[in-house]
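Source file run32.cif; content: mmCIF, C-alpha atoms and all ligand atoms.
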data_run
#
loop_
_atom_site.label_atom_id
_atom_site.label_comp_id
_atom_site.auth_asym_id
_atom_site.auth_seq_id
_atom_site.Cartn_x
_atom_site.Cartn_y
_atom_site.Cartn_z
CA MET A 1 92.81 112.17 112.04
CA ASP A 2 95.18 109.27 111.32
CA THR A 3 95.20 108.03 107.69
CA GLN A 4 94.76 104.46 108.89
CA VAL A 5 91.25 105.09 110.16
CA LYS A 6 90.00 107.33 107.37
CA LYS A 7 87.00 105.88 105.65
CA ASP A 8 86.69 105.44 101.88
CA ILE A 9 84.21 108.15 101.01
CA ARG A 10 82.83 106.13 98.11
CA ALA A 11 81.45 103.55 100.53
CA LEU A 12 78.87 106.23 101.49
CA THR A 13 75.51 106.50 99.75
CA ARG A 14 74.21 109.83 98.53
CA ASP A 15 71.91 110.05 101.57
CA GLN A 16 74.76 109.30 103.95
CA LEU A 17 76.79 112.10 102.37
CA ARG A 18 73.88 114.51 102.71
CA THR A 19 73.52 113.56 106.37
CA PHE A 20 77.27 113.96 106.91
CA PHE A 21 77.17 117.55 105.67
CA LYS A 22 74.04 118.35 107.71
CA ASP A 23 75.78 117.00 110.81
CA GLN A 24 78.69 119.32 110.03
CA GLY A 25 76.27 122.27 110.10
CA ASP A 26 76.46 122.63 106.31
CA HIS A 27 73.80 122.25 103.61
CA ALA A 28 72.65 118.75 102.69
CA TYR A 29 73.00 119.57 98.97
CA ARG A 30 76.76 119.71 99.50
CA GLY A 31 76.48 115.92 99.73
CA ASP A 32 74.94 115.87 96.24
CA GLN A 33 77.80 117.94 94.88
CA VAL A 34 80.40 115.60 96.34
CA TYR A 35 78.48 112.56 95.14
CA GLU A 36 78.51 113.94 91.61
CA TRP A 37 82.26 114.52 91.77
CA LEU A 38 82.88 111.02 93.03
CA TRP A 39 80.76 109.13 90.51
CA GLN A 40 79.78 111.16 87.45
CA LYS A 41 83.08 112.98 87.25
CA SER A 42 85.26 110.23 88.78
CA ALA A 43 87.34 112.72 90.78
CA HIS A 44 90.56 111.21 92.09
CA SER A 45 91.14 113.84 94.79
CA PHE A 46 89.25 116.29 96.97
CA GLU A 47 91.29 119.18 95.49
CA ALA A 48 89.66 118.45 92.14
CA MET A 49 86.22 119.35 93.57
CA THR A 50 86.48 122.94 92.51
CA ASN A 51 82.95 124.08 93.34
CA LEU A 52 83.61 123.38 97.05
CA SER A 53 85.38 125.87 99.28
CA LYS A 54 88.99 125.18 100.23
CA ALA A 55 87.89 124.66 103.85
CA THR A 56 85.33 122.04 102.81
CA ARG A 57 87.86 120.20 100.67
CA GLU A 58 90.33 120.15 103.56
CA MET A 59 87.65 118.95 105.95
CA LEU A 60 86.85 116.08 103.57
CA ALA A 61 90.52 115.18 103.23
CA ASP A 62 90.79 115.14 107.06
CA ASN A 63 87.95 112.66 107.31
CA PHE A 64 88.06 110.49 104.21
CA VAL A 65 90.18 108.97 101.47
CA ILE A 66 89.26 108.21 97.86
CA ASN A 67 90.58 104.71 97.18
CA HIS A 68 90.85 105.09 93.47
CA ILE A 69 92.35 102.31 91.36
CA LYS A 70 95.54 103.04 89.46
CA VAL A 71 96.30 101.76 85.98
CA ASP A 72 99.80 100.48 86.68
CA LYS A 73 100.60 99.23 83.23
CA MET A 74 98.82 99.35 79.91
CA GLN A 75 99.68 96.94 77.09
CA ARG A 76 98.40 97.22 73.52
CA SER A 77 98.01 94.17 71.32
CA ASN A 78 98.66 94.10 67.55
CA ASP A 79 94.89 93.81 67.06
CA GLY A 80 94.12 96.94 69.12
CA THR A 81 93.13 95.12 72.32
CA ILE A 82 94.33 96.92 75.46
CA LYS A 83 95.10 95.17 78.74
CA ASN A 84 95.31 97.15 81.97
CA ALA A 85 97.08 95.96 85.08
CA ILE A 86 95.12 97.68 87.83
CA ARG A 87 96.70 98.33 91.22
CA LEU A 88 94.24 98.48 94.10
CA HIS A 89 94.63 100.55 97.27
CA ASP A 90 96.05 97.54 99.14
CA ASP A 91 98.59 96.88 96.37
CA LEU A 92 96.84 93.84 94.96
CA VAL A 93 96.57 93.73 91.18
CA VAL A 94 93.75 92.72 88.81
CA GLU A 95 93.45 92.99 85.06
CA SER A 96 90.85 94.41 82.73
CA VAL A 97 90.70 94.44 78.95
CA LEU A 98 89.38 96.76 76.24
CA ILE A 99 88.32 94.90 73.10
CA PRO A 100 87.66 97.10 70.06
CA THR A 101 85.81 95.97 66.92
CA SER A 102 84.65 98.08 63.99
CA SER A 103 81.29 98.75 65.61
CA ARG A 104 81.79 98.51 69.35
CA THR A 105 84.20 98.77 72.25
CA THR A 106 83.80 96.19 74.96
CA ALA A 107 85.25 96.28 78.47
CA CYS A 108 86.04 92.95 80.05
CA VAL A 109 86.24 93.60 83.79
CA SER A 110 87.32 91.62 86.85
CA SER A 111 85.14 91.01 89.89
CA GLN A 112 87.58 89.29 92.28
CA VAL A 113 91.32 89.24 92.92
CA GLY A 114 92.08 85.69 91.77
CA CYS A 115 89.21 83.22 91.76
CA SER A 116 87.69 80.78 94.23
CA LEU A 117 86.85 78.32 91.47
CA ASP A 118 89.28 75.98 89.85
CA CYS A 119 88.63 75.66 86.12
CA ARG A 120 91.57 73.66 84.86
CA PHE A 121 91.98 75.59 81.60
CA CYS A 122 92.07 79.04 83.26
CA ALA A 123 95.17 81.01 84.27
CA THR A 124 93.27 83.03 86.90
CA ALA A 125 92.40 79.83 88.80
CA LYS A 126 96.09 79.40 89.62
CA LEU A 127 96.03 82.65 91.63
CA LYS A 128 93.38 81.50 94.17
CA ARG A 129 90.88 84.02 95.49
CA MET A 130 92.46 86.77 97.56
CA ARG A 131 89.45 89.02 97.99
CA ASN A 132 86.34 90.38 96.35
CA LEU A 133 86.48 93.70 94.56
CA ASN A 134 84.42 96.55 96.00
CA PRO A 135 81.73 98.18 93.85
CA ASP A 136 83.91 101.26 93.29
CA GLU A 137 86.87 99.12 92.16
CA ILE A 138 84.66 97.48 89.54
CA TYR A 139 83.18 100.83 88.52
CA ASP A 140 86.66 102.39 88.21
CA GLN A 141 87.80 99.68 85.77
CA VAL A 142 84.88 100.61 83.53
CA VAL A 143 85.65 104.33 83.77
CA ALA A 144 89.32 103.71 82.95
CA ILE A 145 88.38 101.71 79.85
CA ASP A 146 85.77 104.27 78.81
CA ASN A 147 88.50 106.93 78.96
CA GLU A 148 90.86 104.76 76.90
CA SER A 149 88.13 104.09 74.36
CA ARG A 150 87.54 107.83 73.93
CA LEU A 151 91.26 108.52 73.75
CA TYR A 152 92.37 105.77 71.36
CA PHE A 153 89.21 104.99 69.38
CA ASP A 154 87.37 108.28 69.55
CA ARG A 155 84.15 106.77 70.87
CA PRO A 156 82.71 105.88 74.25
CA LEU A 157 82.66 102.38 75.63
CA SER A 158 79.63 100.51 74.27
CA ASN A 159 79.51 97.15 76.10
CA ILE A 160 80.69 95.53 79.32
CA VAL A 161 81.27 91.86 80.06
CA PHE A 162 82.03 90.47 83.51
CA MET A 163 84.45 87.92 82.17
CA GLY A 164 87.76 89.03 83.64
CA MET A 165 89.25 87.62 86.81
CA GLY A 166 86.88 85.99 89.27
CA GLU A 167 83.41 84.51 89.38
CA PRO A 168 81.02 87.49 89.48
CA LEU A 169 78.21 85.60 91.20
CA MET A 170 80.58 84.75 94.07
CA ASN A 171 80.79 88.52 94.65
CA TYR A 172 77.10 89.03 94.04
CA ASN A 173 76.27 92.13 96.10
CA ASN A 174 79.26 94.18 95.00
CA VAL A 175 78.81 93.29 91.33
CA LEU A 176 75.15 94.32 91.46
CA LYS A 177 76.00 97.55 93.28
CA ALA A 178 78.62 98.35 90.62
CA ILE A 179 76.13 97.67 87.82
CA ASP A 180 73.63 99.93 89.57
CA LYS A 181 76.17 102.75 89.47
CA ILE A 182 77.21 102.02 85.88
CA THR A 183 73.60 102.14 84.68
CA SER A 184 72.41 105.00 86.89
CA PRO A 185 72.19 108.52 85.42
CA GLU A 186 74.24 109.56 88.47
CA GLY A 187 77.02 107.26 87.24
CA LEU A 188 77.69 106.37 83.60
CA GLY A 189 74.05 106.05 82.50
CA MET A 190 74.74 102.94 80.40
CA SER A 191 71.90 100.68 79.32
CA PRO A 192 71.82 97.38 81.26
CA LYS A 193 71.17 95.67 77.91
CA ARG A 194 74.79 96.40 77.07
CA ILE A 195 76.09 94.56 80.11
CA THR A 196 76.64 90.80 80.31
CA VAL A 197 77.41 88.94 83.50
CA SER A 198 79.22 85.73 82.63
CA THR A 199 79.11 82.97 85.22
CA SER A 200 80.47 79.49 85.41
CA GLY A 201 77.03 78.58 86.77
CA VAL A 202 76.12 79.07 90.42
CA PRO A 203 72.48 77.88 90.49
CA LYS A 204 71.37 79.63 93.70
CA MET A 205 72.71 82.97 92.51
CA ILE A 206 71.15 82.63 89.05
CA ARG A 207 67.78 82.17 90.79
CA LYS A 208 68.47 85.23 92.90
CA LEU A 209 69.21 87.29 89.78
CA ALA A 210 65.94 86.07 88.28
CA ASP A 211 64.01 87.02 91.43
CA GLU A 212 65.52 90.49 91.32
CA GLU A 213 64.47 90.74 87.67
CA VAL A 214 67.77 92.24 86.63
CA LYS A 215 67.88 93.81 83.18
CA PHE A 216 71.40 92.88 82.15
CA LYS A 217 72.22 89.77 80.13
CA LEU A 218 73.37 86.42 81.44
CA ALA A 219 76.06 84.22 79.91
CA VAL A 220 77.11 80.80 81.17
CA SER A 221 80.57 79.31 80.63
CA LEU A 222 79.39 75.79 79.93
CA HIS A 223 82.16 73.98 78.00
CA SER A 224 80.42 70.62 78.37
CA ALA A 225 76.84 69.46 78.85
CA ILE A 226 77.97 66.05 80.10
CA ASP A 227 78.51 65.95 83.87
CA SER A 228 81.56 63.67 83.96
CA ILE A 229 83.40 65.77 81.36
CA ARG A 230 82.39 69.09 82.87
CA THR A 231 83.51 67.98 86.33
CA SER A 232 86.88 66.93 84.93
CA ILE A 233 87.55 70.40 83.52
CA MET A 234 85.50 72.50 85.99
CA PRO A 235 85.69 70.55 89.27
CA PHE A 236 83.06 72.68 91.07
CA ASN A 237 80.54 71.04 88.71
CA SER A 238 80.43 68.17 91.22
CA THR A 239 78.91 70.64 93.72
CA PHE A 240 76.65 72.36 91.17
CA PRO A 241 75.81 69.61 88.67
CA LEU A 242 74.25 70.31 85.28
CA ALA A 243 70.73 69.32 86.35
CA ASP A 244 70.76 72.03 89.06
CA LEU A 245 72.23 74.55 86.65
CA ARG A 246 69.63 73.74 84.04
CA GLU A 247 66.78 74.13 86.58
CA ALA A 248 68.14 77.51 87.64
CA LEU A 249 68.37 78.61 83.99
CA GLU A 250 64.80 77.48 83.33
CA TYR A 251 63.78 79.59 86.32
CA TRP A 252 65.79 82.54 84.95
CA TYR A 253 64.13 82.29 81.57
CA ALA A 254 60.62 81.91 83.01
CA LYS A 255 61.11 85.10 85.03
CA THR A 256 63.09 87.30 82.63
CA LYS A 257 62.30 85.99 79.13
CA SER A 258 65.89 86.95 78.38
CA ARG A 259 67.92 84.85 75.95
CA ILE A 260 70.80 82.90 77.49
CA THR A 261 74.27 82.93 75.98
CA TYR A 262 76.60 79.97 76.45
CA GLU A 263 80.36 80.35 76.24
CA TYR A 264 81.92 77.18 74.98
CA VAL A 265 85.46 76.13 74.07
CA VAL A 266 85.94 72.95 72.05
CA TRP A 267 89.11 71.06 72.99
CA GLU A 268 90.68 68.21 71.09
CA GLY A 269 89.95 64.86 72.71
CA ILE A 270 87.84 66.42 75.49
CA ASN A 271 84.54 67.62 74.04
CA ASP A 272 84.95 67.42 70.26
CA ARG A 273 82.61 64.50 69.43
CA GLN A 274 79.14 64.47 67.93
CA GLU A 275 77.67 63.30 71.24
CA ASP A 276 79.17 66.37 72.96
CA ALA A 277 77.45 68.67 70.47
CA ASP A 278 74.19 66.71 70.84
CA ALA A 279 74.37 67.05 74.64
CA LEU A 280 74.83 70.81 74.26
CA VAL A 281 71.72 71.04 72.10
CA ALA A 282 69.72 68.96 74.58
CA PHE A 283 70.90 71.19 77.43
CA CYS A 284 70.10 74.57 75.94
CA LYS A 285 67.15 74.11 73.61
CA PHE A 286 64.53 74.76 76.33
CA ALA A 287 64.90 78.54 75.82
CA PRO A 288 66.14 80.91 73.12
CA SER A 289 69.89 80.51 73.28
CA LYS A 290 73.05 81.63 71.65
CA VAL A 291 76.29 79.66 71.73
CA ASN A 292 79.63 81.42 71.38
CA LEU A 293 82.28 78.94 70.32
CA ILE A 294 85.45 80.54 71.64
CA GLU A 295 88.92 79.86 70.38
CA TYR A 296 91.15 78.38 73.10
CA ASN A 297 94.08 80.41 74.35
CA PRO A 298 96.95 78.32 75.62
CA ILE A 299 98.13 79.00 79.17
CA GLU A 300 101.21 77.87 81.05
CA ASP A 301 100.72 74.37 82.52
CA GLY A 302 97.74 73.87 80.25
CA ASP A 303 99.22 70.99 78.27
CA ASP A 304 96.08 68.85 78.49
CA PHE A 305 94.12 71.46 76.54
CA ARG A 306 94.48 71.89 72.80
CA GLN A 307 92.21 73.82 70.46
CA ALA A 308 89.99 71.38 68.53
CA SER A 309 90.22 71.05 64.75
CA ASN A 310 88.18 73.17 62.36
CA ALA A 311 86.23 70.01 61.50
CA ALA A 312 85.13 69.72 65.14
CA ILE A 313 84.06 73.37 65.21
CA ASP A 314 82.09 72.82 61.98
CA LEU A 315 80.43 69.80 63.55
CA TYR A 316 79.22 71.99 66.45
CA VAL A 317 78.11 74.80 64.14
CA HIS A 318 76.05 72.45 61.96
CA THR A 319 74.52 70.60 64.89
CA LEU A 320 73.50 73.81 66.62
CA GLU A 321 72.17 75.47 63.47
CA ARG A 322 70.19 72.37 62.51
CA ASN A 323 68.48 72.66 65.87
CA GLY A 324 67.68 76.35 65.51
CA ILE A 325 70.28 77.56 68.02
CA THR A 326 72.20 80.72 67.15
CA VAL A 327 75.93 80.11 67.04
CA THR A 328 78.95 82.34 66.52
CA VAL A 329 82.59 81.38 66.28
CA ARG A 330 84.70 83.85 68.25
CA ARG A 331 88.25 84.45 67.24
CA SER A 332 90.53 85.24 70.09
CA ARG A 333 91.67 88.81 70.76
CA GLY A 334 94.78 90.07 72.49
CA LYS A 335 96.53 86.69 72.59
CA ASP A 336 99.99 88.23 72.16
CA ILE A 337 99.64 90.14 75.45
CA ASP A 338 97.90 87.34 77.43
CA ALA A 339 94.66 89.34 77.40
CA ALA A 340 92.44 86.70 75.85
CA CYS A 341 89.75 84.71 77.65
CA GLY A 342 91.17 82.55 80.44
CA GLN A 343 94.64 84.09 80.19
CA LEU A 344 94.42 86.83 82.85
CA ALA A 345 96.98 86.00 85.49
CA ASN A 346 98.86 89.19 86.42
CA LYS A 347 101.89 88.14 84.44
CA SER A 348 102.72 91.60 83.18
S1 LIG A 401 87.19 80.48 84.20
FE1 LIG A 401 86.27 82.10 85.47
S2 LIG A 401 85.28 80.94 87.15
FE2 LIG A 401 86.75 79.51 86.20
S3 LIG A 401 88.62 79.76 87.43
FE3 LIG A 401 88.77 81.16 85.66
S4 LIG A 401 88.04 83.13 86.45
FE4 LIG A 401 87.32 81.53 87.87
#
Just dump the structure as structure tokens.
Ligand code: SF4
Amino acid sequence: MDTQVKKDIRALTRDQLRTFFKDQGDHAYRGDQVYEWLWQKSAHSFEAMTNLSKATREMLADNFVINHIKVDKMQRSNDGTIKNAIRLHDDLVVESVLIPTSSRTTACVSSQVGCSLDCRFCATAKLKRMRNLNPDEIYDQVVAIDNESRLYFDRPLSNIVFMGMGEPLMNYNNVLKAIDKITSPEGLGMSPKRITVSTSGVPKMIRKLADEEVKFKLAVSLHSAIDSIRTSIMPFNSTFPLADLREALEYWYAKTKSRITYEYVVWEGINDRQEDADALVAFCKFAPSKVNLIEYNPIEDGDDFRQASNAAIDLYVHTLERNGITVTVRRSRGKDIDAACGQLANKS
């Protein structure tokens, strides 16, 4: 069979693999064995499937390919952060990041090649969206980082955030399929409570997540709770204004009772006034919330954006705390290798 028409075997479900083997006149359980190799053991080749006969391995190689990702380049930051440039089977490249702290290792993974949204402070936005990642390409990023975590930090990966390249809710089905695999005992068996999907706020998709009663956490990159300001830095806000986002989040909270995290960068002269902090409080106080104030990481052509003063950060912290909203100030990680939030742009 010609390589061009071979199917990616990981697009098949367990049942489809069982049926494939039955149709070949073999035992259905052979499908279970292959499935285990593909997901639990992350086999990169059919030759690696050593409990299958040579003839079976050759038959699989005649019919299928395994489109595994390849870590093209790995960069380590002074603070221990690792950035991977991941080459996909069609030669496109995305990035993923391992962020170690004393108590946890977090994987920041990509969901799209480029991004369809146009946040003005984000390096990925300059790449435009080329395509969505498949579930296996998302899963493989997690496996690669889990391996690196074991190798360099002597412990398994503990948390995952969908905060790399792309808007995860614009690749909804594939992201949910990947999370299914990551949390399934047949995959990595991770708790969904350790996974956070971070969205710039697509109201319809947030409602869909709520209806599906997903168990992972939700974070929203808000950056302003005033429509005119948010639209100026995140232009898609004119399509999905704050009132719609807020309604969707109310719906999410009513269904899931799960606390909402807001990611928020404070920029000098953009959103650093008392009224900006007050608007944030008014926006998020309807449900238990946590605000992460994230340090800004400069990008090329990002001259309009400058990290706000410490006084402005203090103003936010006090305003939020006074109103009973949990707040953390996040220092940036991996800045020296362009691995920090908003800096992923395939520059390496
Ligand atoms: S911040 Fe996120 S949603 Fe906005 S352009 Fe960058 S990758 Fe896309």
Original post:
Got a sec to check which residues lie within 10 Å of ligand LIG 401 (chain A), using all atoms listed in the file, and send them as a ChimeraX atom specification?
Top reply: /A:110-129,162-170,198-202,221,233-236,341-345
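Using all atoms listed in the file for every distance, the candidate list A:Leu245, A:Tyr35, A:Val161, A:Asn132 yields A:Leu245 as the residue closest to Lys204 (chain A).
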Original post:
Could you pull the residues within 7 Å of region 289-299 of chain A, counting only C-alpha atoms, minus those fewer than 2 positions along the same chain, as a ChimeraX atom specification?
Top reply: /A:123,259-265,284-285,287,301-302,307,325-332,335,340-341,343
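Residue nearest Cys108 (chain A) within the list A:His223, A:Lys22, A:Lys83, A:Arg322: A:Lys83 [criterion: smallest interatomic distance, all atoms listed in the file].
The two atoms in question, CA of Arg57 (chain A) and CA of Arg30 (chain A), are spaced 11.2 Å apart.
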Using the incomplete input, complete region 227-238 of chain A to the level of all heavy atoms; output as a compact mmCIF listing (two decimals), keeping the file's coordinate frame.
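Everything below was put into out_29.txt:
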# COMPACT_ATOMS: atom_id res chain seq x y z
N ASP A 227 77.99 65.72 82.52
CA ASP A 227 78.51 65.95 83.87
C ASP A 227 79.94 65.46 84.09
O ASP A 227 80.76 66.20 84.63
CB ASP A 227 77.59 65.28 84.91
CG ASP A 227 76.56 66.27 85.46
OD1 ASP A 227 76.94 67.43 85.73
OD2 ASP A 227 75.39 65.89 85.59
N SER A 228 80.23 64.22 83.64
CA SER A 228 81.56 63.67 83.96
C SER A 228 82.66 64.51 83.29
O SER A 228 83.71 64.79 83.90
CB SER A 228 81.66 62.22 83.52
OG SER A 228 81.37 62.13 82.13
N ILE A 229 82.39 64.96 82.07
CA ILE A 229 83.40 65.77 81.36
C ILE A 229 83.50 67.15 81.99
O ILE A 229 84.59 67.66 82.26
CB ILE A 229 83.05 65.88 79.86
CG1 ILE A 229 83.09 64.49 79.22
CG2 ILE A 229 84.02 66.83 79.15
CD1 ILE A 229 82.70 64.44 77.78
N ARG A 230 82.34 67.74 82.29
CA ARG A 230 82.39 69.09 82.87
C ARG A 230 83.10 69.07 84.22
O ARG A 230 83.90 69.96 84.53
CB ARG A 230 80.97 69.67 83.00
CG ARG A 230 80.98 71.18 83.26
CD ARG A 230 79.63 71.82 83.05
NE ARG A 230 79.70 73.27 82.99
CZ ARG A 230 79.41 74.08 84.01
NH1 ARG A 230 78.98 73.59 85.15
NH2 ARG A 230 79.52 75.39 83.86
N THR A 231 82.85 68.05 85.02
CA THR A 231 83.51 67.98 86.33
C THR A 231 85.03 67.82 86.15
O THR A 231 85.80 68.37 86.93
CB THR A 231 82.95 66.80 87.16
OG1 THR A 231 81.55 67.04 87.35
CG2 THR A 231 83.62 66.68 88.51
N SER A 232 85.44 67.12 85.09
CA SER A 232 86.88 66.93 84.93
C SER A 232 87.60 68.22 84.53
O SER A 232 88.78 68.39 84.83
CB SER A 232 87.17 65.81 83.91
OG SER A 232 86.89 66.28 82.61
N ILE A 233 86.88 69.14 83.90
CA ILE A 233 87.55 70.40 83.52
C ILE A 233 87.14 71.57 84.42
O ILE A 233 87.88 72.54 84.55
CB ILE A 233 87.28 70.76 82.03
CG1 ILE A 233 85.79 70.81 81.72
CG2 ILE A 233 88.00 69.81 81.11
CD1 ILE A 233 85.47 71.21 80.29
N MET A 234 85.97 71.47 85.06
CA MET A 234 85.50 72.50 85.99
C MET A 234 85.05 71.77 87.26
O MET A 234 83.87 71.48 87.44
CB MET A 234 84.34 73.29 85.36
CG MET A 234 84.71 73.92 84.02
SD MET A 234 83.29 74.58 83.12
CE MET A 234 83.11 76.21 83.83
N PRO A 235 85.99 71.45 88.15
CA PRO A 235 85.69 70.55 89.27
C PRO A 235 84.49 70.97 90.14
O PRO A 235 83.83 70.12 90.72
CB PRO A 235 86.99 70.55 90.07
CG PRO A 235 88.04 70.85 89.06
CD PRO A 235 87.42 71.80 88.09
N PHE A 236 84.19 72.27 90.22
CA PHE A 236 83.06 72.68 91.07
C PHE A 236 81.73 72.16 90.52
O PHE A 236 80.71 72.21 91.19
CB PHE A 236 83.02 74.20 91.21
CG PHE A 236 82.70 74.90 89.94
CD1 PHE A 236 81.39 75.11 89.55
CD2 PHE A 236 83.71 75.31 89.10
CE1 PHE A 236 81.09 75.71 88.35
CE2 PHE A 236 83.42 75.92 87.90
CZ PHE A 236 82.12 76.11 87.52
N ASN A 237 81.77 71.61 89.28
CA ASN A 237 80.54 71.04 88.71
C ASN A 237 80.03 69.86 89.56
O ASN A 237 78.85 69.53 89.51
CB ASN A 237 80.80 70.58 87.27
CG ASN A 237 79.53 70.08 86.58
OD1 ASN A 237 78.65 70.87 86.26
ND2 ASN A 237 79.43 68.78 86.37
N SER A 238 80.92 69.27 90.36
CA SER A 238 80.43 68.17 91.22
C SER A 238 79.54 68.74 92.34
O SER A 238 78.67 68.06 92.85
CB SER A 238 81.60 67.37 91.79
OG SER A 238 82.44 68.21 92.52
